[in-house]
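A.B. asks: One file: work_16.txt (compact mmCIF, C-alpha atoms and all ligand atoms).
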# COMPACT_ATOMS: atom_id res chain seq x y z
CA MET U 15 7.41 307.99 184.96
CA ALA U 16 8.50 305.60 187.72
CA GLY U 17 5.76 303.18 188.72
CA THR U 18 3.45 303.92 185.77
CA GLU U 19 5.24 301.98 183.02
CA GLU U 20 5.92 298.31 182.41
CA PRO U 21 7.57 297.03 185.60
CA ALA U 22 11.22 296.26 185.74
CA ALA U 23 12.34 292.66 186.16
CA ILE U 24 15.06 291.01 188.22
CA LEU U 25 16.91 288.60 185.92
CA ARG U 26 18.07 285.20 187.09
CA ARG U 27 20.55 282.86 185.46
CA ASP U 28 17.88 280.14 185.06
CA GLY U 29 15.85 282.50 182.85
CA ALA U 30 13.38 283.57 185.56
CA ARG U 31 12.19 287.20 185.52
CA LEU U 32 10.79 288.58 188.76
CA PRO U 33 8.77 291.80 188.46
CA ILE U 34 9.89 294.73 190.59
CA ALA U 35 8.73 298.35 190.85
CA ARG U 36 11.01 300.79 189.07
CA THR U 37 11.43 302.75 192.27
CA ASP U 38 12.92 299.65 193.92
CA VAL U 39 15.49 298.98 191.20
CA VAL U 40 18.47 300.79 192.72
CA ALA U 41 17.98 299.15 196.14
CA ALA U 42 17.75 295.72 194.50
CA VAL U 43 20.85 296.39 192.42
CA LYS U 44 22.80 297.40 195.52
CA ALA U 45 21.85 294.04 196.99
CA GLY U 46 23.39 292.30 193.97
CA GLU U 47 20.41 291.86 191.63
CA VAL U 48 20.61 292.42 187.89
CA VAL U 49 17.55 294.32 186.69
CA LEU U 50 16.07 294.98 183.25
CA VAL U 51 13.91 298.07 182.76
CA PRO U 52 12.04 297.41 179.51
CA GLY U 53 11.59 300.27 177.07
CA ALA U 54 12.98 302.91 179.45
CA LEU U 55 15.20 304.59 176.84
CA ARG U 56 12.44 304.67 174.24
CA GLN U 57 10.04 306.28 176.73
CA LEU U 58 12.58 308.95 177.67
CA GLY U 59 13.39 309.75 174.04
CA ILE U 60 17.02 308.78 174.65
CA LEU U 61 16.96 305.92 172.14
CA ASP U 62 15.79 308.23 169.33
CA GLN U 63 18.51 310.77 170.14
CA ILE U 64 21.30 308.19 170.13
CA VAL U 65 20.04 306.53 166.93
CA ALA U 66 19.79 309.97 165.23
CA ALA U 67 23.37 310.79 166.29
CA ILE U 68 24.63 307.49 164.85
CA LEU U 69 22.76 308.05 161.55
CA THR U 70 24.17 311.57 161.29
CA ALA U 71 27.68 310.25 161.93
CA VAL U 72 27.20 307.58 159.24
CA ARG U 73 26.02 310.24 156.79
CA GLU U 74 29.13 312.30 157.50
CA VAL U 75 31.48 309.36 157.27
CA ALA U 76 30.01 307.45 154.32
CA GLY U 77 27.35 309.63 152.69
CA PRO U 78 23.55 309.85 152.56
CA THR U 79 23.03 306.62 150.59
CA GLN U 80 24.67 304.56 153.34
CA ALA U 81 22.79 306.44 156.05
CA ASP U 82 19.47 305.73 154.30
CA ALA U 83 20.43 302.08 153.82
CA LEU U 84 21.21 301.80 157.52
CA ARG U 85 17.91 303.39 158.50
CA ARG U 86 16.13 300.85 156.30
CA LEU U 87 18.10 297.78 157.41
CA GLY U 88 18.43 298.61 161.11
CA LEU U 89 21.48 299.47 163.20
CA GLU U 90 22.29 295.77 163.72
CA ARG U 91 23.49 295.62 160.10
CA ILE U 92 25.84 298.60 160.28
CA HIS U 93 28.81 296.31 159.50
CA GLU U 94 27.18 295.49 156.13
CA VAL U 95 26.78 299.16 155.25
CA LEU U 96 30.19 300.45 156.36
CA ASP U 97 33.68 299.08 155.88
CA GLY U 98 36.06 298.72 158.85
CA ALA U 99 37.56 302.21 158.67
CA GLN U 100 34.11 303.79 158.27
CA LEU U 101 32.76 301.80 161.20
CA GLU U 102 35.60 303.02 163.37
CA ALA U 103 35.13 306.63 162.25
CA ALA U 104 31.33 306.46 162.71
CA LEU U 105 31.74 305.19 166.27
CA HIS U 106 34.16 307.98 167.07
CA GLN U 107 31.91 310.66 165.63
CA SER U 108 28.72 309.29 167.20
CA HIS U 109 30.35 309.27 170.61
CA ALA U 110 31.78 312.78 170.19
CA ARG U 111 28.31 314.06 169.23
CA LEU U 112 26.65 312.37 172.17
CA GLN U 113 29.18 313.21 174.86
CA PRO U 114 27.68 316.59 175.83
CA ARG U 115 24.24 314.97 176.13
CA TYR U 116 25.20 312.00 178.32
CA PRO U 117 24.83 313.91 181.66
CA SER U 118 21.24 314.84 180.80
CA PHE U 119 20.54 311.22 179.76
CA LEU U 120 21.87 310.09 183.15
CA LYS U 121 19.74 312.59 185.00
CA ALA U 122 16.60 311.55 183.10
CA ILE U 123 17.29 307.87 183.76
CA GLY U 124 17.93 308.47 187.48
CA VAL U 125 14.94 310.72 188.07
CA GLU U 126 12.32 309.46 185.62
CA ALA U 127 13.13 305.81 184.92
CA LEU U 128 14.46 304.83 188.36
CA GLY U 129 12.48 307.28 190.48
CA LEU U 130 15.43 308.62 192.49
CA ARG U 131 14.04 311.37 194.70
CA ARG U 132 17.27 312.53 196.29
CA PRO U 133 20.21 314.12 194.48
CA PHE U 134 22.64 311.61 193.04
CA TYR U 135 25.97 311.65 191.23
CA ALA U 136 26.43 310.90 187.55
CA HIS U 137 29.81 309.43 186.69
CA ALA U 138 31.34 311.53 183.95
CA VAL U 139 32.86 308.71 181.87
CA GLN U 140 30.54 307.13 179.33
CA VAL U 141 31.31 304.72 176.52
CA LEU U 142 29.55 303.87 173.27
CA ARG U 143 30.24 300.39 171.91
CA PHE U 144 29.79 298.89 168.44
CA LEU U 145 30.38 295.16 168.69
CA ALA U 146 30.44 293.74 165.16
CA PRO U 147 30.24 289.97 164.53
CA HIS U 148 33.63 288.53 165.42
CA ASP U 149 34.31 287.17 161.93
CA VAL U 150 33.85 290.72 160.58
CA ALA U 151 35.80 292.42 163.40
CA ALA U 152 38.67 289.93 162.98
CA ARG U 153 39.31 291.32 159.48
CA HIS U 154 39.89 294.77 161.02
CA ALA U 155 41.51 293.63 164.27
CA GLU U 156 44.54 295.85 163.91
CA LEU U 157 42.40 298.94 163.45
CA PHE U 158 39.77 298.09 166.07
CA LEU U 159 42.26 297.21 168.79
CA GLN U 160 44.12 300.50 168.48
CA LYS U 161 41.41 302.07 170.63
CA LYS U 162 42.30 305.45 169.24
CA ASN U 163 38.65 306.36 168.85
CA LEU U 164 36.35 307.50 171.63
CA GLY U 165 34.20 304.39 171.66
CA ARG U 166 34.99 300.68 171.87
CA LEU U 167 34.89 298.01 169.18
CA ASP U 168 36.20 294.93 171.00
CA PRO U 169 34.52 292.74 173.64
CA HIS U 170 35.35 293.64 177.22
CA ALA U 171 36.80 290.83 179.33
CA PRO U 172 35.35 290.15 182.82
CA HIS U 173 36.16 292.95 185.29
CA ARG U 174 34.79 295.03 188.14
CA ASP U 175 34.20 298.68 187.34
CA HIS U 176 36.24 300.01 190.25
CA TRP U 177 39.30 298.30 188.77
CA PHE U 178 38.96 301.11 186.21
CA ASP U 179 38.91 303.85 188.86
CA VAL U 180 35.14 304.04 188.95
CA PRO U 181 33.59 304.76 192.39
CA LEU U 182 33.07 301.65 194.50
CA ASN U 183 29.37 302.36 194.95
CA ALA U 184 28.61 303.05 191.27
CA VAL U 185 25.61 301.41 189.67
CA ASN U 186 26.11 300.42 186.04
CA LEU U 187 23.56 301.55 183.44
CA TRP U 188 23.79 299.52 180.25
CA LEU U 189 21.76 301.07 177.44
CA ALA U 190 20.69 298.76 174.60
CA ILE U 191 20.70 300.86 171.43
CA SER U 192 20.26 297.89 169.08
CA ALA U 193 18.55 294.60 169.76
CA VAL U 194 20.78 292.46 171.98
CA ALA U 195 20.98 288.67 171.71
CA GLU U 196 22.52 286.18 174.11
CA ASP U 197 25.30 285.52 171.58
CA ASN U 198 26.35 289.17 171.34
CA GLY U 199 25.33 290.61 174.70
CA VAL U 200 26.62 291.31 178.14
CA THR U 201 27.57 288.76 180.81
CA VAL U 202 27.26 289.15 184.59
CA PHE U 203 28.77 286.52 186.91
CA PRO U 204 26.50 286.06 189.96
CA ASP U 205 28.80 283.52 191.69
CA ALA U 206 31.55 286.15 191.96
CA TRP U 207 29.35 288.84 193.55
CA ALA U 208 30.43 288.29 197.15
CA ALA U 209 33.80 286.74 196.41
CA GLU U 210 37.42 287.75 196.40
CA VAL U 211 38.43 287.65 192.75
CA ALA U 212 42.04 287.54 191.52
CA GLN U 213 42.98 290.25 189.02
CA SER U 214 45.51 290.42 186.27
CA GLY U 215 45.85 294.08 185.40
CA ARG U 216 42.30 295.43 185.14
CA TYR U 217 40.67 292.10 184.34
CA VAL U 218 39.85 288.85 186.10
CA ARG U 219 42.90 286.61 186.12
CA GLY U 220 42.65 283.98 183.41
CA ASP U 221 42.71 280.96 185.73
CA GLN U 222 40.22 282.43 188.23
CA LEU U 223 36.99 280.48 188.47
CA ILE U 224 33.98 282.82 188.30
CA GLY U 225 31.21 280.41 187.38
CA ALA U 226 28.64 280.49 184.60
CA PRO U 227 27.37 283.94 183.62
CA LEU U 228 23.92 285.39 183.39
CA ARG U 229 23.61 286.23 179.68
CA VAL U 230 21.22 288.99 178.78
CA ALA U 231 19.10 289.37 175.65
CA CYS U 232 16.89 292.45 175.30
CA GLU U 233 15.25 294.91 172.92
CA ALA U 234 16.60 298.20 171.62
CA GLY U 235 15.58 300.83 174.16
CA ASP U 236 15.81 298.55 177.20
CA LEU U 237 17.95 299.52 180.16
CA LEU U 238 19.97 296.99 182.13
CA VAL U 239 21.06 297.96 185.64
CA PHE U 240 23.61 296.15 187.82
CA HIS U 241 26.18 297.06 190.46
CA GLY U 242 29.66 297.95 189.20
CA HIS U 243 31.03 295.50 191.79
CA HIS U 244 29.53 292.61 189.80
CA VAL U 245 32.11 290.87 187.67
CA HIS U 246 30.83 291.52 184.14
CA GLY U 247 32.01 291.49 180.56
CA ALA U 248 30.87 290.94 176.99
CA VAL U 249 30.22 287.88 174.88
CA LEU U 250 32.37 287.33 171.81
CA ASN U 251 29.91 288.26 169.09
CA THR U 252 29.08 284.98 167.36
CA SER U 253 25.84 286.34 165.91
CA ARG U 254 25.30 287.97 162.50
CA ALA U 255 24.29 291.29 164.06
CA THR U 256 26.29 294.24 165.37
CA ARG U 257 25.38 294.97 168.95
CA ILE U 258 25.31 298.64 169.92
CA ALA U 259 25.23 299.72 173.56
CA ALA U 260 26.17 302.72 175.66
CA THR U 261 27.41 302.35 179.22
CA MET U 262 27.28 304.89 182.02
CA ARG U 263 27.08 304.90 185.82
CA LEU U 264 25.53 306.72 188.72
CA CYS U 265 26.01 306.76 192.48
CA SER U 266 22.84 307.21 194.51
CA GLU U 267 24.97 308.47 197.42
CA ARG U 268 28.26 310.32 197.65
CA PRO U 269 30.71 308.58 195.35
CA VAL U 270 33.19 306.41 197.23
CA ALA U 271 36.27 306.19 195.10
CA PRO U 272 39.22 303.82 195.34
CA SER U 273 41.41 306.93 195.21
CA ALA U 274 41.14 310.69 194.98
CA ALA U 275 42.42 310.37 191.43
CA ALA U 276 39.33 308.31 190.59
CA LEU U 277 37.08 311.14 191.74
CA ASP U 278 39.11 313.61 189.72
CA GLY U 279 37.78 311.74 186.67
CA GLY U 280 34.52 313.44 187.51
CA CYS U 281 31.14 312.82 189.08
CA LEU U 282 28.39 315.33 188.42
CA TRP U 283 25.91 316.35 191.10
CA SER U 284 22.49 315.74 189.56
CA PRO U 285 20.64 318.93 190.66
CA LEU U 286 23.07 321.03 188.60
CA ILE U 287 22.89 318.94 185.44
CA GLY U 288 20.92 320.71 182.75
CA THR U 289 21.08 324.06 184.54
CA ARG U 290 23.31 327.04 183.79
CA PHE U 291 25.46 325.90 186.72
CA GLU U 292 26.28 322.55 185.12
CA ALA U 293 29.95 323.55 184.84
CA TYR U 294 30.10 323.33 188.65
CA ALA U 295 28.40 319.92 188.92
CA ALA U 296 31.76 318.12 189.27
CA THR U 297 32.90 320.44 192.05
CA ALA U 298 30.21 319.08 194.38
CA ALA U 299 31.78 315.61 194.31
CA ARG U 300 35.27 317.04 194.77
CA LEU U 301 34.12 318.90 197.88
CA SER U 302 32.94 315.73 199.52
CA TRP U 303 34.73 314.66 202.70
CA ILE U 304 35.55 311.34 201.07
CA HIS U 305 37.43 313.11 198.33
CA LEU U 306 39.27 315.32 200.83
CA LEU U 307 40.10 312.30 202.98
CA GLU U 308 41.37 310.30 200.01
CA ARG U 309 43.37 313.28 198.80
CA SER U 310 45.04 313.66 202.24
CA LYS U 311 45.73 309.93 202.39
CA GLN U 312 47.33 310.13 198.98
CA THR U 313 49.52 313.07 200.09
CA ILE U 314 50.62 311.33 203.32
CA SER U 315 51.33 308.10 201.49
CA ALA U 316 53.35 309.90 198.81
CA GLY U 317 55.31 311.80 201.51
CA VAL U 318 56.23 308.63 203.40
CA GLY U 319 57.11 306.93 200.09
CA ALA U 320 59.46 309.79 199.17
CA LEU U 321 61.11 309.68 202.61
CA GLU U 322 61.48 305.93 202.36
CA LYS U 323 63.21 306.32 199.01
CA ARG U 324 65.51 309.13 200.12
CA VAL U 325 66.54 307.91 203.57
CA GLY U 326 65.95 304.16 203.25
CA GLY U 327 66.56 301.71 206.10
CA ALA U 328 64.41 299.02 207.69
CA PRO U 329 62.47 301.29 210.12
CA LEU U 330 61.31 303.56 207.30
CA ARG U 331 60.40 300.62 205.10
CA SER U 332 58.23 299.25 207.93
CA LEU U 333 56.69 302.68 208.47
CA GLY U 334 55.94 302.89 204.74
CA ARG U 335 54.28 299.47 204.80
CA LEU U 336 52.23 300.35 207.89
CA THR U 337 51.16 303.68 206.40
CA ARG U 338 50.03 302.09 203.16
CA ARG U 339 48.08 299.46 205.08
CA ALA U 340 46.44 302.04 207.36
CA LEU U 341 45.50 304.32 204.47
CA ARG U 342 44.02 301.75 202.14
CA TYR U 343 40.87 303.03 200.51
CA ARG U 344 37.57 302.50 202.24
CA ARG U 345 35.79 299.32 201.28
CA GLY U 346 32.79 300.01 203.46
CA ASP U 347 30.46 300.76 200.59
CA SER U 348 31.33 297.82 198.43
CA PRO U 349 29.16 294.76 198.97
CA PRO U 350 30.01 292.44 201.85
CA GLY U 351 31.31 288.91 201.67
CA ARG U 352 34.80 287.66 201.21
CA ALA U 353 34.33 284.02 200.33
CA THR U 354 37.17 282.62 198.26
CA VAL U 355 36.26 281.55 194.76
CA PRO U 356 37.75 278.11 194.05
CA ARG U 357 40.43 277.73 191.41
CA PRO U 358 39.87 275.42 188.42
CA LEU U 359 39.78 271.70 189.05
CA SER U 360 42.76 269.62 188.15
CA VAL U 361 42.53 265.86 187.56
CA ASP U 362 44.86 262.98 186.82
CA ASP U 363 42.03 260.74 185.69
CA PRO U 364 39.32 262.46 183.60
CA ALA U 365 37.10 259.40 184.03
CA ALA U 366 36.57 260.59 187.61
CA LEU U 367 34.83 263.79 186.43
CA ALA U 368 31.14 264.21 187.14
CA ASP U 369 28.81 265.13 184.26
CA GLY U 370 29.19 268.83 183.34
CA GLN U 371 32.55 269.12 185.10
CA ILE U 372 35.61 270.53 183.39
CA ALA U 373 39.20 270.26 184.64
CA ALA U 374 42.82 270.79 183.70
CA ILE U 375 44.98 267.77 183.00
CA ASP U 376 48.24 269.61 182.43
CA ASP U 377 49.40 272.93 180.98
CA THR U 378 48.07 272.23 177.52
CA ARG U 379 45.10 269.90 177.99
CA CYS U 380 41.66 269.99 179.55
CA ALA U 381 38.98 267.37 180.03
CA ALA U 382 35.23 267.57 180.40
CA ARG U 383 32.49 265.01 180.90
CA ILE U 384 29.50 265.92 178.78
CA GLY U 385 26.45 263.72 178.34
CA GLY U 386 28.29 260.74 179.80
CA ARG U 387 31.28 261.06 177.41
CA VAL U 388 34.70 262.29 178.43
CA PHE U 389 36.43 264.70 176.04
CA VAL U 390 40.06 265.79 176.16
CA PHE U 391 40.96 268.98 174.32
CA GLY U 392 43.38 271.93 174.20
CA ARG U 393 43.36 274.12 177.29
CA ARG U 394 43.71 277.54 175.60
CA CYS U 395 40.78 279.31 173.98
CA PRO U 396 41.47 280.05 170.29
CA HIS U 397 40.28 283.65 170.74
CA GLU U 398 42.64 285.15 173.33
CA GLN U 399 44.13 282.07 174.93
CA ALA U 400 42.02 282.14 178.11
CA ASP U 401 42.16 279.05 180.31
CA LEU U 402 39.26 276.76 179.40
CA ALA U 403 39.73 274.86 182.68
CA ALA U 404 38.13 277.93 184.29
CA GLY U 405 35.20 277.71 181.84
CA TYR U 406 31.92 275.87 182.18
CA VAL U 407 29.74 273.42 180.28
CA LYS U 408 26.30 274.28 178.94
CA ASP U 409 24.09 272.61 176.33
CA GLY U 410 26.86 270.23 175.31
CA ARG U 411 29.37 273.02 174.68
CA VAL U 412 32.50 274.10 176.54
CA HIS U 413 32.26 277.85 177.23
CA CYS U 414 35.31 280.08 177.56
CA PRO U 415 35.35 282.09 180.83
CA ARG U 416 36.59 285.27 179.15
CA HIS U 417 34.10 286.06 176.36
CA ASP U 418 31.85 283.01 176.60
CA TYR U 419 32.84 281.46 173.24
CA PRO U 420 31.00 278.10 172.95
CA ILE U 421 33.07 275.20 171.60
CA ASP U 422 31.72 271.85 170.44
CA PRO U 423 33.96 269.22 172.11
CA THR U 424 33.25 266.68 169.33
CA THR U 425 34.81 268.91 166.64
CA GLY U 426 36.84 271.47 168.64
CA ARG U 427 35.02 274.19 166.70
CA GLY U 428 32.87 277.10 167.72
CA PRO U 429 30.64 279.29 165.55
CA CYS U 430 33.43 281.64 164.31
CA GLU U 431 35.15 280.67 161.07
CA THR U 432 38.09 282.95 161.81
CA LEU U 433 38.99 281.09 165.01
CA ALA U 434 41.07 277.93 164.79
CA PRO U 435 39.59 274.69 166.13
CA LEU U 436 40.83 273.37 169.45
CA PRO U 437 43.17 270.42 169.30
CA LEU U 438 41.30 267.26 170.29
CA TYR U 439 42.90 264.29 171.99
CA ALA U 440 41.65 260.72 172.15
CA GLU U 441 38.27 260.72 173.86
CA GLY U 442 38.55 259.62 177.46
CA SER U 443 42.29 259.11 177.23
CA VAL U 444 45.11 261.14 178.70
CA ALA U 445 47.89 258.98 177.29
S1 LIG W 501 36.31 283.86 174.07
FE1 LIG W 501 37.81 285.38 174.24
S2 LIG W 501 39.45 284.34 175.14
FE2 LIG W 501 37.97 282.81 174.93
FE FE W 502 32.25 297.58 183.17
Any chance you could give the structure as structure tokens?
C.D. replies:
Amino acid sequence: MAGTEEPAAILRRDGARLPIARTDVVAAVKAGEVVLVPGALRQLGILDQIVAAILTAVREVAGPTQADALRRLGLERIHEVLDGAQLEAALHQSHARLQPRYPSFLKAIGVEALGLRRPFYAHAVQVLRFLAPHDVAARHAELFLQKKNLGRLDPHAPHRDHWFDVPLNAVNLWLAISAVAEDNGVTVFPDAWAAEVAQSGRYVRGDQLIGAPLRVACEAGDLLVFHGHHVHGAVLNTSRATRIAATMRLCSERPVAPSAAALDGGCLWSPLIGTRFEAYAATAARLSWIHLLERSKQTISAGVGALEKRVGGAPLRSLGRLTRRALRYRRGDSPPGRATVPRPLSVDDPAALADGQIAAIDDTRCAARIGGRVFVFGRRCPHEQADLAAGYVKDGRVHCPRHDYPIDPTTGRGPCETLAPLPLYAEGSVA
């Protein structure tokens, strides 16, 4: 299929789309590009299979009338057809049905849509996501945030995939199962690509500046491809549609994992997928020298740690520190560049801000100059309290850095009725 269909396109933050051959997609992605492959999932029959699995799950959870209604209305309106508990159950069942088929989807995408000629490795962890409009999801927050189901119902905050024990060289495949709009889609942060980024747990630290995101809108059946090293996340869904996507990853070379434990999660060697030897596909990755090396490093490190604990003393503590430093996981396959991303601006006098700049005044207040006016407003996003001083300004709105919620600085409000308005202070004044 590669090379004969509509070409893929490199996406740029300014809206530009640069055509690229499908066979060049993986190389471009490894160099930091974000690439859209239009219609790939429709052409491979993957879209039909996933939609059929979701409709079957809806029929089981809510009955044939609801399944027919959903087929008629379109998947984007699933939150109108199902209540919160049914939505949660339908996601769980859809994902459970699809799980055995994901490896073959990955193989088809690698071989047919991306034209990979050499064996590759399919990461064995895949996720299906139903992202309902926030005002709907907020009514079921307790249920949706339990994460007891197999899929995900809440927007992912900015992160790198290897912070979740995914191989360092994994390429992210983001499958659009419903239509995706800019106000319910995925975000990728190009400014953070080659930068050191501060973490808090498995996410970007709240006060870490990562710049404005590339926001992606696409059709059901499109495939988005970007490197797992890219800082990426999801937009808070301020649209009226539920966005449905599946995410999976592949490594075009031997998987390089941040730890042996990460490889234990499973990578499948593509030549065995879909054959009667598929059960052994994960063994190929485990036999790699990288896995053996990481496993030995883990054993040595654990041994020195145990000795340090049992015997104690300064020499052993130094030996432990040295060992850990020497055995740190290989970073060789993650993209180069270690520029430091600047922290949010801080100002005493907001009048000094340039147009489009945003800055902290103190712990509770922020200021921004927008269209020549200076606005002073609360520093914490009403969604999950992210630091708006690390946000950015676009089209007259202040955007939250975590899930891109746009807030009108003249009213303190964004599009979601369930989110409180930001406190506003006297325009241009910090008194
Ligand atoms: S949009 Fe989620 S914390 Fe701001
Ligand atoms: Fe991710």
A.B. asks: Excluding U:Arg36 and its own-chain neighbours fewer than 3 positions away, which residues fall within 10 Å of it when counting all atoms listed in the file? Please give them as a ChimeraX atom specification.
C.D. replies: /U:15-23,33,39-40,49-51,126-130
A.B. asks: Out of U:Gln213, U:Ser266, U:Gln222, U:Thr424, which residue has the shortest atom-to-atom distance to U:Asn183 when counting only C-alpha atoms?
C.D. replies: U:Ser266
A.B. asks: Chain U near ligand LIG 501 (chain W) within 8 Å: what's each residue's closest atom pair and its distance in Å to one decimal, counting only C-alpha atoms and all ligand atoms, ordered by chain then ascending residue number, as a tab-separated table?
C.D. replies:
residue	atom	partner	partner_atom	distance
U:Ala171	CA	W:LIG501	FE1	7.5
U:Val249	CA	W:LIG501	S1	7.3
U:Leu250	CA	W:LIG501	S1	5.7
U:Arg394	CA	W:LIG501	FE2	7.8
U:Cys395	CA	W:LIG501	FE2	4.6
U:Pro396	CA	W:LIG501	FE2	6.4
U:His397	CA	W:LIG501	S2	4.5
U:Glu398	CA	W:LIG501	S2	3.8
U:Gln399	CA	W:LIG501	S2	5.2
U:Ala400	CA	W:LIG501	S2	4.5
U:Asp401	CA	W:LIG501	FE2	7.8
U:Leu402	CA	W:LIG501	FE2	7.6
U:His413	CA	W:LIG501	FE2	7.9
U:Cys414	CA	W:LIG501	FE2	4.6
U:Pro415	CA	W:LIG501	FE2	6.5
U:Arg416	CA	W:LIG501	S2	5.0
U:His417	CA	W:LIG501	S1	3.9
U:Asp418	CA	W:LIG501	S1	5.2
U:Tyr419	CA	W:LIG501	S1	4.3
U:Pro420	CA	W:LIG501	S1	7.9
A.B. asks: Could you list, as a short mmCIF file (atom, residue, chain, number, x, y, z; two decimals) with C-alpha atoms, in the frame of the given file, every residue within 9 Å of stretch 260-264 of chain U, counting only C-alpha atoms and ignoring same-chain residues fewer than 4 positions away?
C.D. replies:
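Below is the file part-v1.cif, written as the result:
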data_model
loop_
_atom_site.label_atom_id
_atom_site.label_comp_id
_atom_site.auth_asym_id
_atom_site.auth_seq_id
_atom_site.Cartn_x
_atom_site.Cartn_y
_atom_site.Cartn_z
CA TYR U 116 25.20 312.00 178.32
CA LEU U 120 21.87 310.09 183.15
CA GLY U 124 17.93 308.47 187.48
CA PHE U 134 22.64 311.61 193.04
CA TYR U 135 25.97 311.65 191.23
CA ALA U 136 26.43 310.90 187.55
CA HIS U 137 29.81 309.43 186.69
CA ALA U 138 31.34 311.53 183.95
CA VAL U 139 32.86 308.71 181.87
CA GLN U 140 30.54 307.13 179.33
CA VAL U 141 31.31 304.72 176.52
CA LEU U 142 29.55 303.87 173.27
CA ARG U 143 30.24 300.39 171.91
CA PHE U 144 29.79 298.89 168.44
CA VAL U 180 35.14 304.04 188.95
CA ASN U 183 29.37 302.36 194.95
CA ALA U 184 28.61 303.05 191.27
CA VAL U 185 25.61 301.41 189.67
CA ASN U 186 26.11 300.42 186.04
CA LEU U 187 23.56 301.55 183.44
CA TRP U 188 23.79 299.52 180.25
CA LEU U 189 21.76 301.07 177.44
CA ALA U 190 20.69 298.76 174.60
CA ILE U 191 20.70 300.86 171.43
CA GLY U 242 29.66 297.95 189.20
CA PRO U 269 30.71 308.58 195.35
CA CYS U 281 31.14 312.82 189.08
#
A.B. asks: How would you report the residues lying within 7 Å of ligand FE 502 (chain W), as a ChimeraX atom specification, if you count all atoms listed in the file?
C.D. replies: /U:173-175,242,246-247
A.B. asks: Please identify all polymer residues within 8 Å of U:Gly225, counting only C-alpha atoms, omitting same-chain residues fewer than 3 positions from it, and present them as a list in words.
C.D. replies: Phe203, Pro204, Asp205, Ala206, Ala404, Gly405, Tyr406 and Pro415 of chain U
A.B. asks: Tell me which of U:Phe119, U:Ala248, U:Leu333, U:Leu58 sits closest to U:Ala195, counting all atoms listed in the file.
C.D. replies: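 The closest residue to U:Ala195 is U:Ala248.
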A.B. asks: Quick one: distance from atom CA of U:Arg383 to atom CA of U:Trp207 in Å, one decimal?
C.D. replies: 27.2 Å
A.B. asks: Return the single residue from U:Gln100, U:Thr256, U:Asn251, U:Ser118 that is closest to U:Gln63, with distances computed using only C-alpha atoms.
C.D. replies: U:Ser118
A.B. asks: Out of U:Gly327, U:Pro227, U:Pro172, U:Pro358, which residue has the shortest atom-to-atom distance to U:Arg393 when counting all atoms listed in the file?
C.D. replies: U:Pro358
A.B. asks: Provide the atom CA of U:Arg111 to atom CA of U:Leu84 distance in Å, to one decimal place.
C.D. replies: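 It comes out at 18.4 Å.
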A.B. asks: For atom CA of U:Ile421 and atom CA of U:Ala382, determine how far apart the two atoms are, in Å to one decimal place.
C.D. replies: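 Calculated distance between atom CA of U:Ile421 and atom CA of U:Ala382 is 11.8 Å.
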A.B. asks: Tell me which protein, DNA and RNA residues are within 10 Å of U:Glu74, counting only C-alpha atoms, leaving out same-chain ones fewer than 4 positions away, and put them as an mmCIF file with C-alpha atoms, in the frame of the given file.
C.D. replies:
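Now in around06.cif:
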data_model
loop_
_atom_site.group_PDB
_atom_site.id
_atom_site.type_symbol
_atom_site.label_atom_id
_atom_site.label_comp_id
_atom_site.auth_asym_id
_atom_site.auth_seq_id
_atom_site.Cartn_x
_atom_site.Cartn_y
_atom_site.Cartn_z
ATOM 1 C CA ILE U 68 24.630 307.490 164.850
ATOM 2 C CA LEU U 69 22.760 308.050 161.550
ATOM 3 C CA THR U 70 24.170 311.570 161.290
ATOM 4 C CA PRO U 78 23.550 309.850 152.560
ATOM 5 C CA GLN U 80 24.670 304.560 153.340
ATOM 6 C CA ALA U 81 22.790 306.440 156.050
ATOM 7 C CA GLN U 100 34.110 303.790 158.270
ATOM 8 C CA ALA U 103 35.130 306.630 162.250
ATOM 9 C CA ALA U 104 31.330 306.460 162.710
ATOM 10 C CA GLN U 107 31.910 310.660 165.630
#
A.B. asks: In terms of the shortest atom-to-atom distance over all atoms listed in the file, which of U:Val202, U:Ile287, U:Ala67, U:Leu238 is closest to U:Ala226?
C.D. replies: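 Nearest to U:Ala226: U:Val202.
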A.B. asks: Draw an axis-aligned box over all listed atoms of stretch 437-441 of chain U, pad each side with 4 Å, and write its centre and edge lengths in Å, one decimal, as lines of an AutoDock Vina configuration file.
C.D. replies:
center_x = 40.7
center_y = 265.6
center_z = 171.6
size_x = 12.9
size_y = 17.7
size_z = 12.6
A.B. asks: U:Ala440, U:Trp283, U:Asp409, U:Ala368: which is nearest U:Arg132, counting all atoms listed in the file?
C.D. replies: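 Counting all atoms listed in the file, the residue closest to U:Arg132 is U:Trp283.
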